[in-house]
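data.txt follows; it contains compact mmCIF, C-alpha atoms.
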```txt
# COMPACT_ATOMS: atom_id res chain seq x y z
CA MET B 16 102.90 127.62 82.29
CA ALA B 17 99.73 125.78 81.25
CA PRO B 18 98.11 123.44 83.79
CA TYR B 19 99.64 119.96 83.73
CA GLU B 20 97.29 117.32 82.30
CA GLY B 21 99.47 114.22 81.96
CA PRO B 22 99.90 111.07 84.07
CA ILE B 23 100.56 111.49 87.76
CA GLY B 24 101.46 109.41 90.79
CA LEU B 25 101.13 109.70 94.57
CA ALA B 26 103.71 108.96 97.26
CA PHE B 27 103.40 108.86 101.04
CA LEU B 28 106.14 109.93 103.40
CA ASP B 29 105.42 109.34 107.09
CA ARG B 30 101.88 110.72 106.87
CA PRO B 31 98.93 110.43 107.12
CA GLY B 32 98.05 107.38 109.26
CA VAL B 33 97.87 103.99 107.58
CA ALA B 34 94.05 103.84 107.63
CA GLU B 35 93.86 107.16 105.80
CA GLN B 36 96.55 106.09 103.36
CA LEU B 37 94.38 103.10 102.46
CA GLU B 38 91.42 105.34 101.73
CA LEU B 39 93.57 107.68 99.67
CA VAL B 40 95.12 104.93 97.56
CA LYS B 41 91.64 103.62 96.77
CA LEU B 42 90.68 107.17 95.77
CA VAL B 43 93.63 107.67 93.41
CA ASP B 44 93.12 104.20 91.96
CA LYS B 45 89.64 105.33 90.90
CA LEU B 46 90.88 108.76 89.80
CA GLY B 47 93.20 107.22 87.23
CA TYR B 48 96.56 107.85 88.88
CA GLU B 49 99.49 106.05 87.29
CA SER B 50 101.19 104.85 90.46
CA ALA B 51 101.25 104.93 94.26
CA TRP B 52 104.47 104.72 96.27
CA VAL B 53 105.37 104.36 99.96
CA THR B 54 108.64 105.68 101.33
CA GLU B 55 110.74 104.29 104.14
CA THR B 56 111.82 107.58 105.61
CA ARG B 57 113.77 107.67 108.88
CA LEU B 58 112.31 105.00 111.24
CA ALA B 59 108.66 105.93 110.78
CA ARG B 60 106.98 103.05 108.94
CA ASP B 61 107.80 99.94 106.96
CA ALA B 62 106.86 100.41 103.30
CA ILE B 63 106.37 96.72 102.49
CA SER B 64 103.59 96.16 105.05
CA ILE B 65 101.62 99.11 103.70
CA LEU B 66 102.14 98.05 100.09
CA GLY B 67 100.68 94.64 100.92
CA ALA B 68 97.54 96.37 102.15
CA PHE B 69 97.50 98.58 99.04
CA ALA B 70 97.70 95.52 96.81
CA THR B 71 94.46 94.14 98.24
CA ALA B 72 92.69 97.53 98.21
CA THR B 73 93.34 98.50 94.57
CA THR B 74 92.75 97.01 91.14
CA ARG B 75 94.78 98.85 88.50
CA ILE B 76 97.36 101.26 89.90
CA THR B 77 101.10 100.46 89.89
CA LEU B 78 102.57 100.09 93.40
CA GLY B 79 106.10 100.38 94.71
CA PRO B 80 108.39 101.43 97.57
CA ALA B 81 110.04 104.82 97.22
CA VAL B 82 112.45 103.37 98.21
CA VAL B 83 113.63 100.44 100.32
CA ASN B 84 117.35 100.40 101.00
CA THR B 85 119.75 97.66 99.97
CA TRP B 86 121.60 97.43 103.30
CA THR B 87 119.07 96.28 105.90
CA ARG B 88 117.28 93.64 103.78
CA GLY B 89 119.38 90.93 102.22
CA PRO B 90 118.88 90.23 98.50
CA ALA B 91 117.18 86.89 99.12
CA LEU B 92 114.57 88.44 101.40
CA MET B 93 114.12 91.31 98.95
CA ALA B 94 113.53 88.89 96.09
CA VAL B 95 110.98 86.94 98.15
CA THR B 96 109.28 90.21 99.07
CA ALA B 97 109.09 91.29 95.43
CA ALA B 98 107.72 87.91 94.37
CA THR B 99 105.09 88.02 97.12
CA LEU B 100 103.87 91.51 96.21
CA HIS B 101 103.85 90.52 92.54
CA GLU B 102 101.60 87.60 93.49
CA MET B 103 99.28 89.97 95.36
CA ALA B 104 99.22 92.58 92.57
CA PRO B 105 100.22 90.80 89.35
CA ALA B 106 102.08 93.04 86.89
CA ARG B 107 101.49 96.03 89.18
CA PHE B 108 104.50 95.93 91.51
CA VAL B 109 107.74 97.87 90.95
CA LEU B 110 110.72 97.31 93.25
CA GLY B 111 112.25 100.68 94.12
CA LEU B 112 115.72 100.38 95.66
CA GLY B 113 117.93 103.02 97.23
CA ALA B 114 121.41 103.34 98.70
CA TYR B 115 120.29 104.59 102.17
CA TRP B 116 121.73 107.57 104.04
CA ASP B 117 123.77 108.50 107.08
CA PRO B 118 123.61 108.96 109.99
CA LEU B 119 120.60 106.59 109.99
CA ALA B 120 122.65 103.73 108.54
CA TRP B 121 125.64 104.42 110.80
CA LYS B 122 123.41 104.41 113.89
CA GLN B 123 122.43 100.84 113.01
CA GLY B 124 126.03 99.69 112.67
CA ILE B 125 125.98 99.81 108.86
CA GLU B 126 129.08 101.08 107.09
CA ARG B 127 127.98 102.13 103.60
CA SER B 128 131.29 101.66 101.85
CA ARG B 129 131.41 101.78 98.03
CA PRO B 130 127.64 102.09 97.52
CA LEU B 131 127.85 101.90 93.73
CA GLU B 132 129.59 98.55 93.89
CA GLN B 133 127.14 97.33 96.53
CA MET B 134 124.13 98.35 94.42
CA ARG B 135 125.50 96.59 91.35
CA GLU B 136 126.07 93.37 93.29
CA TYR B 137 122.70 93.55 95.03
CA VAL B 138 120.60 94.20 91.91
CA GLY B 139 122.42 91.43 90.07
CA VAL B 140 121.62 88.84 92.73
CA VAL B 141 117.99 89.94 93.15
CA ARG B 142 117.52 89.68 89.38
CA ARG B 143 118.98 86.19 89.23
CA LEU B 144 116.74 85.02 92.05
CA LEU B 145 113.62 86.53 90.43
CA ARG B 146 114.53 84.76 87.18
CA LEU B 147 114.35 81.54 89.23
CA GLU B 148 117.92 80.57 88.47
CA GLU B 149 118.86 77.37 90.26
CA GLY B 150 121.47 77.49 93.01
CA VAL B 151 122.42 81.16 92.77
CA THR B 152 125.91 81.67 94.18
CA PHE B 153 127.72 85.00 94.33
CA GLU B 154 130.79 85.91 96.36
CA GLY B 155 130.97 89.69 96.07
CA VAL B 156 132.61 92.32 98.22
CA HIS B 157 129.28 93.30 99.80
CA VAL B 158 126.79 90.61 98.76
CA LYS B 159 127.33 86.91 99.36
CA VAL B 160 124.80 84.19 98.61
CA ARG B 161 125.36 80.46 98.29
CA ASP B 162 123.28 77.92 96.43
CA LEU B 163 119.99 79.84 96.70
CA THR B 164 116.83 79.25 94.66
CA LEU B 165 113.48 80.98 95.22
CA ASP B 166 110.85 78.47 96.29
CA LEU B 167 107.76 80.64 95.63
CA GLY B 168 104.55 79.92 97.48
CA HIS B 169 102.42 76.81 97.17
CA GLY B 170 100.28 76.89 94.05
CA VAL B 171 102.27 79.68 92.34
CA GLU B 172 103.25 78.84 88.76
CA ARG B 173 106.99 78.35 88.58
CA LYS B 174 108.05 80.93 86.02
CA PRO B 175 110.32 84.00 86.20
CA VAL B 176 108.88 86.78 88.34
CA GLU B 177 108.51 89.88 86.16
CA VAL B 178 109.18 92.74 88.59
CA PRO B 179 110.84 95.91 87.22
CA ILE B 180 113.66 97.23 89.39
CA TYR B 181 113.90 101.01 89.73
CA ILE B 182 116.81 102.70 91.46
CA GLY B 183 116.05 105.78 93.52
CA ALA B 184 119.21 107.63 92.58
CA THR B 185 120.31 111.12 93.59
CA GLY B 186 124.03 111.33 92.85
CA LEU B 187 124.96 111.35 89.18
CA LYS B 188 127.26 108.35 89.52
CA MET B 189 124.35 106.32 90.90
CA MET B 190 122.20 107.74 88.09
CA GLU B 191 124.75 106.49 85.57
CA LEU B 192 124.69 103.04 87.18
CA ALA B 193 120.89 103.04 87.09
CA GLY B 194 121.00 103.71 83.36
CA GLU B 195 123.24 100.70 82.97
CA ILE B 196 121.50 98.10 85.16
CA ALA B 197 118.00 99.24 86.24
CA ASP B 198 114.62 99.05 84.51
CA GLY B 199 113.80 102.61 85.52
CA VAL B 200 114.71 105.46 87.85
CA LEU B 201 112.64 107.04 90.58
CA LEU B 202 113.95 110.60 90.66
CA ASN B 203 114.12 112.01 94.16
CA GLY B 204 112.13 114.92 95.53
CA ASN B 205 113.60 118.25 96.71
CA LEU B 206 115.65 118.49 93.55
CA SER B 207 115.60 121.30 91.03
CA GLN B 208 114.44 121.08 87.43
CA ASP B 209 117.99 121.85 86.30
CA TYR B 210 119.11 118.78 88.23
CA THR B 211 116.38 116.72 86.53
CA ARG B 212 117.61 117.73 83.07
CA THR B 213 121.14 116.64 83.94
CA ALA B 214 120.11 113.43 85.70
CA VAL B 215 117.81 112.26 82.91
CA SER B 216 120.53 112.96 80.34
CA VAL B 217 123.09 110.97 82.35
CA ALA B 218 120.78 107.95 82.80
CA GLN B 219 119.71 107.91 79.16
CA ALA B 220 123.29 108.22 77.91
CA SER B 221 124.41 105.40 80.19
CA ALA B 222 121.62 103.14 78.94
CA ALA B 223 122.47 103.92 75.33
CA LYS B 224 126.17 103.25 75.93
CA VAL B 225 125.50 99.62 76.88
CA GLY B 226 122.86 99.14 74.19
CA ARG B 227 119.87 99.15 76.53
CA ALA B 228 116.42 100.44 75.63
CA SER B 229 115.52 104.03 76.42
CA PHE B 230 114.11 104.86 79.86
CA GLU B 231 111.25 106.74 78.22
CA GLY B 232 108.18 106.52 80.45
CA ARG B 233 110.17 104.98 83.30
CA MET B 234 111.64 107.99 85.09
CA PRO B 235 108.93 109.38 87.39
CA GLN B 236 109.94 112.07 89.87
CA LEU B 237 108.81 112.79 93.41
CA VAL B 238 107.46 116.35 93.65
CA ASN B 239 106.61 117.78 97.06
CA VAL B 240 103.28 119.64 97.06
CA ALA B 241 101.90 122.02 99.68
CA MET B 242 98.39 123.25 98.80
CA ASP B 243 96.12 125.68 100.59
CA ALA B 244 93.62 128.38 99.63
CA ASP B 245 95.93 130.67 101.59
CA ARG B 246 99.18 130.78 99.61
CA ASP B 247 101.19 131.81 102.67
CA VAL B 248 100.04 128.74 104.63
CA ALA B 249 101.11 126.43 101.80
CA ARG B 250 104.48 128.10 101.41
CA ARG B 251 105.17 127.98 105.14
CA ALA B 252 104.58 124.21 105.08
CA ALA B 253 106.97 123.87 102.15
CA ARG B 254 109.64 125.96 103.89
CA ARG B 255 109.43 123.82 107.02
CA PHE B 256 109.74 120.62 105.01
CA LEU B 257 112.74 121.94 103.07
CA ALA B 258 114.44 123.06 106.27
CA MET B 259 114.09 119.58 107.76
CA TYR B 260 115.00 117.62 104.65
CA LEU B 261 117.92 119.68 103.39
CA GLY B 262 119.18 120.06 106.94
CA GLN B 263 119.18 116.31 107.54
CA GLN B 264 120.12 115.16 104.03
CA PRO B 265 122.36 117.93 102.66
CA HIS B 266 123.57 115.68 99.84
CA MET B 267 120.25 116.36 98.13
CA GLY B 268 120.86 120.10 98.13
CA LYS B 269 124.42 119.52 97.00
CA ALA B 270 123.13 117.54 94.00
CA SER B 271 121.16 120.61 92.92
CA GLY B 272 124.14 122.91 93.30
CA LEU B 273 123.33 124.61 96.61
CA ASP B 274 126.22 126.28 98.38
CA GLU B 275 127.93 123.85 100.77
CA GLU B 276 128.46 126.57 103.37
CA PHE B 277 124.70 127.27 103.37
CA LEU B 278 123.92 123.55 103.65
CA GLN B 279 126.32 123.18 106.57
CA ARG B 280 124.70 126.13 108.34
CA LEU B 281 121.27 124.58 107.73
CA LYS B 282 122.47 121.21 109.05
CA GLU B 283 123.89 122.78 112.21
CA THR B 284 120.70 124.76 112.80
CA VAL B 285 118.46 121.69 112.42
CA GLY B 286 120.81 119.68 114.61
CA GLY B 287 121.10 116.52 112.53
CA TRP B 288 118.91 113.46 112.90
CA PRO B 289 116.91 113.47 115.04
CA PRO B 290 116.69 117.28 115.05
CA ARG B 291 117.45 119.23 118.20
CA PRO B 292 114.43 120.78 119.97
CA GLY B 293 113.33 123.85 118.02
CA GLY B 294 115.99 123.29 115.38
CA ILE B 295 113.64 122.88 112.43
CA GLU B 296 111.63 125.96 113.41
CA GLU B 297 114.83 128.04 113.52
CA ALA B 298 115.99 126.64 110.20
CA VAL B 299 112.77 127.69 108.46
CA ASP B 300 114.06 131.27 108.49
CA LEU B 301 116.98 130.16 106.29
CA ILE B 302 114.66 128.92 103.51
CA ASN B 303 113.92 131.80 101.16
CA PRO B 304 111.09 132.04 98.56
CA GLU B 305 113.45 131.18 95.71
CA LEU B 306 114.28 127.82 97.33
CA VAL B 307 110.58 127.06 97.77
CA ASN B 308 109.94 127.71 94.07
CA ARG B 309 113.01 125.78 93.02
CA PHE B 310 112.43 122.59 95.01
CA THR B 311 108.70 122.32 95.73
CA VAL B 312 105.22 123.18 94.48
CA ALA B 313 103.44 125.40 96.99
CA GLY B 314 100.34 127.57 96.70
CA THR B 315 96.70 127.37 95.74
CA ALA B 316 95.21 124.51 93.72
CA ASP B 317 95.63 126.56 90.53
CA ASP B 318 99.24 127.36 91.44
CA CYS B 319 99.98 123.67 91.93
CA ARG B 320 98.31 122.57 88.72
CA ASP B 321 100.35 125.15 86.84
CA ALA B 322 103.67 124.17 88.45
CA ILE B 323 103.88 120.39 88.71
CA GLY B 324 104.54 119.92 85.01
CA GLY B 325 107.86 121.75 85.23
CA TRP B 326 109.78 118.60 86.13
CA VAL B 327 108.18 116.78 83.19
CA GLU B 328 109.34 119.54 80.86
CA ALA B 329 112.80 118.99 82.36
CA GLY B 330 112.70 115.30 81.40
CA ALA B 331 110.89 113.33 84.12
CA SER B 332 108.27 110.89 82.85
CA TYR B 333 105.57 112.19 85.17
CA PRO B 334 105.29 113.78 88.64
CA VAL B 335 104.68 111.66 91.73
CA ILE B 336 103.17 114.10 94.19
CA VAL B 337 104.14 114.00 97.86
CA PRO B 338 101.58 115.98 99.91
CA LEU B 339 103.12 118.24 102.55
CA THR B 340 99.86 119.73 103.86
CA ASP B 341 97.17 117.71 105.62
CA ASN B 342 94.43 118.13 102.97
CA TYR B 343 95.46 114.93 101.22
CA ALA B 344 92.19 114.07 99.48
CA GLU B 345 91.81 117.65 98.26
CA ILE B 346 95.30 117.58 96.75
CA CYS B 347 94.74 114.20 95.11
CA THR B 348 91.43 115.30 93.60
CA ALA B 349 92.66 118.71 92.47
CA LEU B 350 95.67 117.24 90.65
CA ALA B 351 93.96 114.15 89.24
CA PRO B 352 94.32 113.44 85.51
CA ARG B 353 91.77 115.41 83.51
CA GLY B 354 88.64 113.56 82.46
CA THR B 355 88.43 111.55 85.71
```

Once more with this new file: its structure as C-alpha cells, please.
Amino acid sequence: MAPYEGPIGLAFLDRPGVAEQLELVKLVDKLGYESAWVTETRLARDAISILGAFATATTRITLGPAVVNTWTRGPALMAVTAATLHEMAPARFVLGLGAYWDPLAWKQGIERSRPLEQMREYVGVVRRLLRLEEGVTFEGVHVKVRDLTLDLGHGVERKPVEVPIYIGATGLKMMELAGEIADGVLLNGNLSQDYTRTAVSVAQASAAKVGRASFEGRMPQLVNVAMDADRDVARRAARRFLAMYLGQQPHMGKASGLDEEFLQRLKETVGGWPPRPGGIEEAVDLINPELVNRFTVAGTADDCRDAIGGWVEAGASYPVIVPLTDNYAEICTALAPRGT
C-alpha cells in the first residue's frame, strides 16, 4: 500500500499530561492537521476542560470531544457547553456524543436502557436549544426539559449556534440512527476495516433513506498507532492496548466479528474495569499478530505511513490517529500531511 497523504486528525486518550497535550495540539495546528479530539475514557480526564484550553492555543484546527456521553451531562448543560466552545473557537467546534458503556455507567447508578431512543431524544433537544428556540419543552422517556431557552453570554450575538453534532457510534443500529439524525459520525478505534466498510454503508444508506445529504467528508475514524524504530516494541504496545480495550469493552470486538468465547476469555483474564492486578499483562498473550494488524497500526514510521490509509480505503473520511507509544511529537510529525 502506498503511503497515506490525505487529511489526518489527532486524538488523545488519557495520555500524555495536559501540558504536553497543549504543546502537541499547537504542533499539529501548525502541521496542517484537520482536527484534534479529546476522549473521556474511564474516569481519567474531562474532555471539555482540555478543549477549552485547546481553543485558546490554536487558530485553525477543528476541535471536538471523542466523545462525551449523553447520560452524565443533561442536554441543557451540553448545549451551553457547545455554545461556549463555539464562542471560544468560532466555526471550529464539533460536538461528539456517545452512548457510554458499562460497567462504568452502572457504577455511577446509571441504567442505560434503550440507548437508541435516549440518543434520539437527547440530540433533538440539544439541537433545538442551539437553534435558540424559545421555551423548549420535551417530555420524553429519557429526556425531559421544560420551558428552556439558551441565554448565551453577555455580548454574544443572539443567532443560532452552528455546531455540528457527530455521534460516536459502534453498533450498527446506532450507526443507522446517526445517518438519520447526526451531522457526521466519529468511527471508533479498535475496529477492523471490514467493519468500517459495513458501518459507512449503513450510515450513508440511512441518510439517503430520509433524504439527508451524504456524510462524505464527515466520517473520520480513530486509528490507534504504535510507532517505534524497533518494530517489536511498537507491536508490544499495540498488543497491550488491545488486551485492555477489548477485555474491558468486548462489544467493540463483537462489532468486528470476533468470537464471543474469545472475548469472554479476554474479559475474564483482564478482570473487568478496573482490571485485576496483572490481568492486562496476562491478557497480552491472547493477542496474536493478526489482531494487531487488523485493529491497529504498529511498526516503524514507514510501516505506519503505509498502513493508516487502509481505513480510508474502507470508507472513512480520514484517520484520526491515537498514539499508543510515548513518542507523541515524533508520531505527529512523521504522519503529518505532506507539504507541511

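Across the model, the gap from CA of Cys347 (chain B) to CA of Thr315 (chain B) is 13.3 Å.
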
If you count all atoms listed in the file, which residues fall within 9 Å of Arg57 (chain B), apart from same-chain ones fewer than 3 positions away, as a compact mmCIF listing (two decimals) with C-alpha atoms, in the coordinates of the input?
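The result, stored in result_13.txt:
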```txt
# COMPACT_ATOMS: atom_id res chain seq x y z
CA ASP B 29 105.42 109.34 107.09
CA ARG B 60 106.98 103.05 108.94
CA LEU B 119 120.60 106.59 109.99
CA TRP B 288 118.91 113.46 112.90
```

**Residue contacts of Ala91 (chain B) (10 Å, all atoms listed in the file) excluding same-chain residues fewer than 4 positions away, as a ChimeraX atom specification** = /B:95-97,137,140-141,144-145,160,163-165

Saved selection, atoms kept: C-alpha atoms, as an mmCIF file, in the frame of the given file:
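Generated output (part29.cif):
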```cif
data_model
loop_
_atom_site.group_PDB
_atom_site.id
_atom_site.type_symbol
_atom_site.label_atom_id
_atom_site.label_comp_id
_atom_site.auth_asym_id
_atom_site.auth_seq_id
_atom_site.Cartn_x
_atom_site.Cartn_y
_atom_site.Cartn_z
ATOM 1 C CA VAL B 95 110.980 86.940 98.150
ATOM 2 C CA THR B 96 109.280 90.210 99.070
ATOM 3 C CA ALA B 97 109.090 91.290 95.430
ATOM 4 C CA TYR B 137 122.700 93.550 95.030
ATOM 5 C CA VAL B 140 121.620 88.840 92.730
ATOM 6 C CA VAL B 141 117.990 89.940 93.150
ATOM 7 C CA LEU B 144 116.740 85.020 92.050
ATOM 8 C CA LEU B 145 113.620 86.530 90.430
ATOM 9 C CA VAL B 160 124.800 84.190 98.610
ATOM 10 C CA LEU B 163 119.990 79.840 96.700
ATOM 11 C CA THR B 164 116.830 79.250 94.660
ATOM 12 C CA LEU B 165 113.480 80.980 95.220
#
```

**Message:** If I take CA of Trp116 (chain B) and CA of Ala252 (chain B), how far is one from the other in Å, to one decimal?
**Reply:** 23.9 Å

**Request:** Excluding Thr77 (chain B) and any residue of its chain fewer than 2 positions from it, enumerate the residues within 7 Å of it, using all atoms listed in the file, and give them as a PyMOL selection string.
**Result:** chain B and resi 49-51+75+79+107-108

Would you mind exporting the chosen residues as a PDB file, in the frame of the given file, restricted to C-alpha atoms?
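Writing the result to result.pdb gives the following:
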```pdb
ATOM      1  CA  GLU B  49      99.490 106.050  87.290  1.00  0.00           C
ATOM      2  CA  SER B  50     101.190 104.850  90.460  1.00  0.00           C
ATOM      3  CA  ALA B  51     101.250 104.930  94.260  1.00  0.00           C
ATOM      4  CA  ARG B  75      94.780  98.850  88.500  1.00  0.00           C
ATOM      5  CA  GLY B  79     106.100 100.380  94.710  1.00  0.00           C
ATOM      6  CA  ARG B 107     101.490  96.030  89.180  1.00  0.00           C
ATOM      7  CA  PHE B 108     104.500  95.930  91.510  1.00  0.00           C
TER       8      PHE B 108
END
```

I'd like the neighbourhood of Pro235 (chain B) as a JSON list (two decimals) with C-alpha atoms, keeping the file's coordinate frame, where a residue qualifies if any of its atoms comes within 6 Å (using all atoms listed in the file), though same-chain residues fewer than 2 positions away should be ignored.
```
[["chain", "number", "residue", "atom", "x", "y", "z"],
["B", 201, "LEU", "CA", 112.64, 107.04, 90.58],
["B", 331, "ALA", "CA", 110.89, 113.33, 84.12],
["B", 332, "SER", "CA", 108.27, 110.89, 82.85],
["B", 333, "TYR", "CA", 105.57, 112.19, 85.17],
["B", 334, "PRO", "CA", 105.29, 113.78, 88.64]]
```

**Asked** Between B:Val240, B:Ala298, B:Leu25, B:Leu187, which one has atoms that come closest to Asp318 (chain B), using all atoms listed in the file?
**Response**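 Closest candidate: B:Val240.
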
**Asked** Quick one: residues within 8 Å of Arg146 (chain B), all atoms listed in the file counted, chain neighbours fewer than 5 positions away excluded, as a ChimeraX atom specification?
**Response** /B:174-177

Keeping only C-alpha atoms, write those residues as a PDB file, keeping the file's coordinate frame.
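Result file is out.pdb:
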```
ATOM      1  CA  LYS B 174     108.050  80.930  86.020  1.00  0.00           C
ATOM      2  CA  PRO B 175     110.320  84.000  86.200  1.00  0.00           C
ATOM      3  CA  VAL B 176     108.880  86.780  88.340  1.00  0.00           C
ATOM      4  CA  GLU B 177     108.510  89.880  86.160  1.00  0.00           C
TER       5      GLU B 177
END
```

**Prompt:** Pick the closest to Trp326 (chain B) from B:Val83, B:Val158, B:Val238, B:Met189: which is it, counting all atoms listed in the file?
**Reply:**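 Closest candidate: B:Val238.
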